[in-house]
Amino acid sequence: MTENPDNRSMSMKSFDIEKNSFDIIEREIGEHTYIHEFEWNIVRRVIHATADFDFASKEKLLFNNDPIKSGFQAIENKGTIITDVEMVRAGISQNSLSKLNLKCICKISDSNIINESKKHNKTRAQTAMRNLAQEMNGGIIVIGNAPTALHEVISMINEKITIPSLVIGVPVGFVSAVESKIELSKSGIPHITNIGRKGGSSVASSITNALMLLYLHKTK
């Protein structure tokens with residue numbers, strides 16, 4: 001089957017735009033404090049997704065307890081990627097998931113989760129995380145919107161209910177977002193987070209996408 005030349009042209013244009021964007025980021029950032037190349041690649045992709053240079057300075061990303069190595073191990077072992085909300089799941093590259101043969105799931109909209117959350121007076125995000133304890137083992141947890149999901153995951157790990165390989169915890173907001181990230185930053189869990197109100201779906205999914213791309217390039 002012959003590839004459509006228009007598709008090749010569009011692909012090259014997308015590549016050029018991304019490359020030019022990265023060049024602008026490198027030029028405008030100049031000196032930065034990320035010594036590890038893989039860490040900087042992740043930060044740069046977050047800035048590319050958000051156009052927010054604070055992620056390299058004021059609300060910088062934190063890489064604690066060897067998270068990239070743990071993330072690579074999860075990918076190698078075909079661990080499940082679990083997201084707090086559908087917006088995060090939608091932002092994670094289907095192409096990379098397919099190449100790596102990884103599963104990405106989110107249960108926040110599941111009718112059983114909705115009913116159970118009402119019954120126990122908990123948020124849907126909390127209930128969804130609690131219901132995915134088995135799938136979390138050896139997997140990657142990606143939280144961009146729900147601080148309650150992050151608190152629940154940390155509680156589950158402390159209770160020894162589940163042992164994920166990596167937690168990407170960057171919930172956005174004014175209520176409990178900062179506190180949940182501080183709690184994560186003090187834990188022994190391999191994690192990527194930031195301390196501050198900023199975060200969100202695009203931040204969480206771009207960190208995940210960067211991690212998968214790094215793994216793909218590493219294993220070429």
# chains A, B, ... in the order shown; residues from 1 in each chain; ligands from 1
call {"tool": "residues_around", "arguments": {"residues": "His32 in chain A", "least_positions_apart": "5", "cutoff": "10 Å", "atoms": "only C-alpha atoms", "output": "ChimeraX atom specification"}}
result
/A:26,40,56-57
call {"tool": "residues_around", "arguments": {"residues": "Asn65 in chain A", "least_positions_apart": "2", "cutoff": "12 Å", "atoms": "only C-alpha atoms", "output": "list of chain:residue names"}}
result
A:Leu62, A:Phe63, A:Pro67, A:Ile68, A:Lys69, A:Ser70, A:Gly71, A:Ser165, A:Leu166, A:Val167, A:Leu184, A:Ser185, A:Lys186, A:Ser187, A:Gly188, A:Ile189, A:Pro190, A:His191, A:Ile192, A:Thr193
call {"tool": "residues_around", "arguments": {"residues": "Ile108 in chain A", "least_positions_apart": "3", "cutoff": "12 Å", "atoms": "only C-alpha atoms", "output": "list in words"}}
result
Ile82, Thr83, Asp84, Val85, Glu86, Met87, Val88, Arg89, Ile105, Ser111, Asn112, Ile113, Ile114, Asn115, Glu116, Ser117, Thr123, Arg124, Ala125, Gln126, Thr127, Ala128, Met129, Arg130, Asn131, Leu132, Asn145, Ala146 and Ala149 of chain A
call {"tool": "write_last_selection", "arguments": {"atoms": "N, CA and C atoms", "output": "compact mmCIF listing (two decimals), in the first residue's frame"}}
result
# COMPACT_ATOMS: atom_id res chain seq x y z
N ILE A 82 -2.89 4.08 34.55
CA ILE A 82 -4.21 4.41 35.11
C ILE A 82 -4.30 5.92 35.30
N THR A 83 -5.35 6.53 34.77
CA THR A 83 -5.51 7.98 34.89
C THR A 83 -6.70 8.32 35.79
N ASP A 84 -6.66 9.53 36.34
CA ASP A 84 -7.75 9.96 37.22
C ASP A 84 -8.98 10.39 36.44
N VAL A 85 -8.80 11.02 35.28
CA VAL A 85 -9.93 11.52 34.50
C VAL A 85 -9.74 11.20 33.02
N GLU A 86 -10.84 11.25 32.28
CA GLU A 86 -10.80 10.92 30.85
C GLU A 86 -9.95 11.90 30.06
N MET A 87 -9.91 13.16 30.49
CA MET A 87 -9.12 14.17 29.77
C MET A 87 -7.63 13.80 29.77
N VAL A 88 -7.15 13.26 30.87
CA VAL A 88 -5.75 12.82 30.92
C VAL A 88 -5.55 11.63 30.00
N ARG A 89 -6.46 10.67 30.08
CA ARG A 89 -6.36 9.47 29.23
C ARG A 89 -6.38 9.86 27.75
N ILE A 105 -6.19 2.95 31.22
CA ILE A 105 -7.59 2.90 31.61
C ILE A 105 -7.96 4.02 32.59
N SER A 111 -20.49 3.49 35.56
CA SER A 111 -21.74 3.63 36.33
C SER A 111 -21.62 3.01 37.72
N ASN A 112 -20.91 1.90 37.83
CA ASN A 112 -20.73 1.27 39.15
C ASN A 112 -19.92 2.17 40.09
N ILE A 113 -18.93 2.86 39.52
CA ILE A 113 -18.11 3.79 40.31
C ILE A 113 -18.95 4.95 40.80
N ILE A 114 -19.79 5.48 39.92
CA ILE A 114 -20.67 6.60 40.27
C ILE A 114 -21.60 6.21 41.42
N ASN A 115 -22.22 5.03 41.30
CA ASN A 115 -23.15 4.57 42.33
C ASN A 115 -22.43 4.31 43.66
N GLU A 116 -21.26 3.69 43.58
CA GLU A 116 -20.51 3.37 44.79
C GLU A 116 -20.01 4.64 45.50
N SER A 117 -19.61 5.62 44.72
CA SER A 117 -19.12 6.87 45.32
C SER A 117 -20.24 7.58 46.08
N THR A 123 -15.56 10.86 46.58
CA THR A 123 -15.53 11.36 45.21
C THR A 123 -15.40 10.18 44.24
N ARG A 124 -15.81 10.40 43.00
CA ARG A 124 -15.67 9.35 41.98
C ARG A 124 -14.20 9.02 41.76
N ALA A 125 -13.35 10.03 41.84
CA ALA A 125 -11.92 9.81 41.63
C ALA A 125 -11.35 8.89 42.70
N GLN A 126 -11.72 9.12 43.96
CA GLN A 126 -11.28 8.24 45.05
C GLN A 126 -11.75 6.82 44.82
N THR A 127 -13.03 6.70 44.51
CA THR A 127 -13.64 5.37 44.35
C THR A 127 -13.02 4.63 43.17
N ALA A 128 -12.78 5.33 42.08
CA ALA A 128 -12.17 4.70 40.90
C ALA A 128 -10.79 4.17 41.23
N MET A 129 -9.99 4.98 41.94
CA MET A 129 -8.64 4.53 42.31
C MET A 129 -8.69 3.30 43.20
N ARG A 130 -9.57 3.32 44.18
CA ARG A 130 -9.69 2.20 45.12
C ARG A 130 -10.10 0.91 44.37
N ASN A 131 -10.91 1.05 43.36
CA ASN A 131 -11.38 -0.10 42.60
C ASN A 131 -10.34 -0.64 41.62
N LEU A 132 -9.29 0.12 41.39
CA LEU A 132 -8.26 -0.29 40.44
C LEU A 132 -6.97 -0.73 41.14
N ASN A 145 -5.93 16.01 37.62
CA ASN A 145 -7.05 16.86 37.99
C ASN A 145 -7.59 16.68 39.40
N ALA A 146 -7.52 15.46 39.92
CA ALA A 146 -8.23 15.16 41.17
C ALA A 146 -7.28 14.93 42.33
N ALA A 149 -7.92 11.80 44.27
CA ALA A 149 -7.37 10.57 43.69
C ALA A 149 -5.93 10.36 44.15
call {"tool": "closest_residue", "arguments": {"among": "A:Ser176, A:Val142, A:Ser98, A:Glu159", "to": "Ala204 in chain A", "atoms": "only C-alpha atoms"}}
result
A:Val142
call {"tool": "residues_around", "arguments": {"residues": "Gly139 in chain A", "least_positions_apart": "3", "cutoff": "8 Å", "atoms": "only C-alpha atoms", "output": "PyMOL selection string"}}
result
chain A and resi 74-75+78-82+135-136+164-166
call {"tool": "residues_around", "arguments": {"residues": "Ile25 in chain A", "least_positions_apart": "4", "cutoff": "9 Å", "atoms": "only C-alpha atoms", "output": "MDAnalysis selection string"}}
result
chainID A and resid 20:21 29:30 44 47:48 51 53
call {"tool": "select_by_dssp", "arguments": {"residues": "range 30-149 of chain A", "states": "strand (DSSP E or B)", "output": "PyMOL selection string"}}
result
chain A and resi 61-64+81-83+104-105+140-143
call {"tool": "residues_around", "arguments": {"residues": "Thr50 in chain A", "least_positions_apart": "2", "cutoff": "10 Å", "atoms": "only C-alpha atoms", "output": "mmCIF file with C-alpha atoms, in the first residue's frame"}}
result
data_model
loop_
_atom_site.group_PDB
_atom_site.id
_atom_site.type_symbol
_atom_site.label_atom_id
_atom_site.label_comp_id
_atom_site.auth_asym_id
_atom_site.auth_seq_id
_atom_site.Cartn_x
_atom_site.Cartn_y
_atom_site.Cartn_z
ATOM 1 C CA ARG A 44 10.629 20.613 28.013
ATOM 2 C CA ARG A 45 7.647 18.620 26.723
ATOM 3 C CA VAL A 46 5.498 19.940 29.591
ATOM 4 C CA ILE A 47 6.483 23.508 28.673
ATOM 5 C CA HIS A 48 5.712 22.698 25.031
ATOM 6 C CA ASP A 52 4.290 27.820 30.796
ATOM 7 C CA PHE A 53 7.945 28.375 31.687
ATOM 8 C CA ASP A 54 7.164 28.163 35.427
ATOM 9 C CA PHE A 55 7.581 24.395 35.146
ATOM 10 C CA GLY A 199 -0.857 21.156 36.816
ATOM 11 C CA GLY A 200 -3.741 19.611 34.906
ATOM 12 C CA SER A 202 -2.042 18.532 29.603
ATOM 13 C CA VAL A 203 0.782 18.445 32.163
ATOM 14 C CA SER A 206 2.681 15.278 28.421
#
call {"tool": "select_by_dssp", "arguments": {"residues": "range 51-90 of chain A", "states": "helix (DSSP H, G or I)", "output": "PyMOL selection string"}}
result
chain A and resi 53-56+67-76+86-90
call {"tool": "residues_around", "arguments": {"residues": "Lys181 in chain A", "least_positions_apart": "2", "cutoff": "8 Å", "atoms": "only C-alpha atoms", "output": "PyMOL selection string"}}
result
chain A and resi 150+169-171+177-179+183-185+193-196
call {"tool": "closest_residue", "arguments": {"among": "A:Met212, A:Ile154, A:Ile140, A:Ile207", "to": "Ile182 in chain A", "atoms": "only C-alpha atoms"}}
result
A:Ile154
call {"tool": "closest_residue", "arguments": {"among": "A:Asp66, A:Arg27, A:Val175, A:Gly144", "to": "Ile92 in chain A", "atoms": "only C-alpha atoms"}}
result
A:Gly144
call {"tool": "closest_residue", "arguments": {"among": "A:Ala49, A:Phe174, A:Asp23, A:Glu76", "to": "Leu102 in chain A", "atoms": "only C-alpha atoms"}}
result
A:Glu76
call {"tool": "closest_residue", "arguments": {"among": "A:Gln73, A:Ile24, A:Tyr34, A:Gly138", "to": "Leu61 in chain A", "atoms": "only C-alpha atoms"}}
result
A:Tyr34
call {"tool": "atom_distance", "arguments": {"atom1": "CA of Pro147 in chain A", "atom2": "CA of Ala133 in chain A"}}
result
17.3 Å
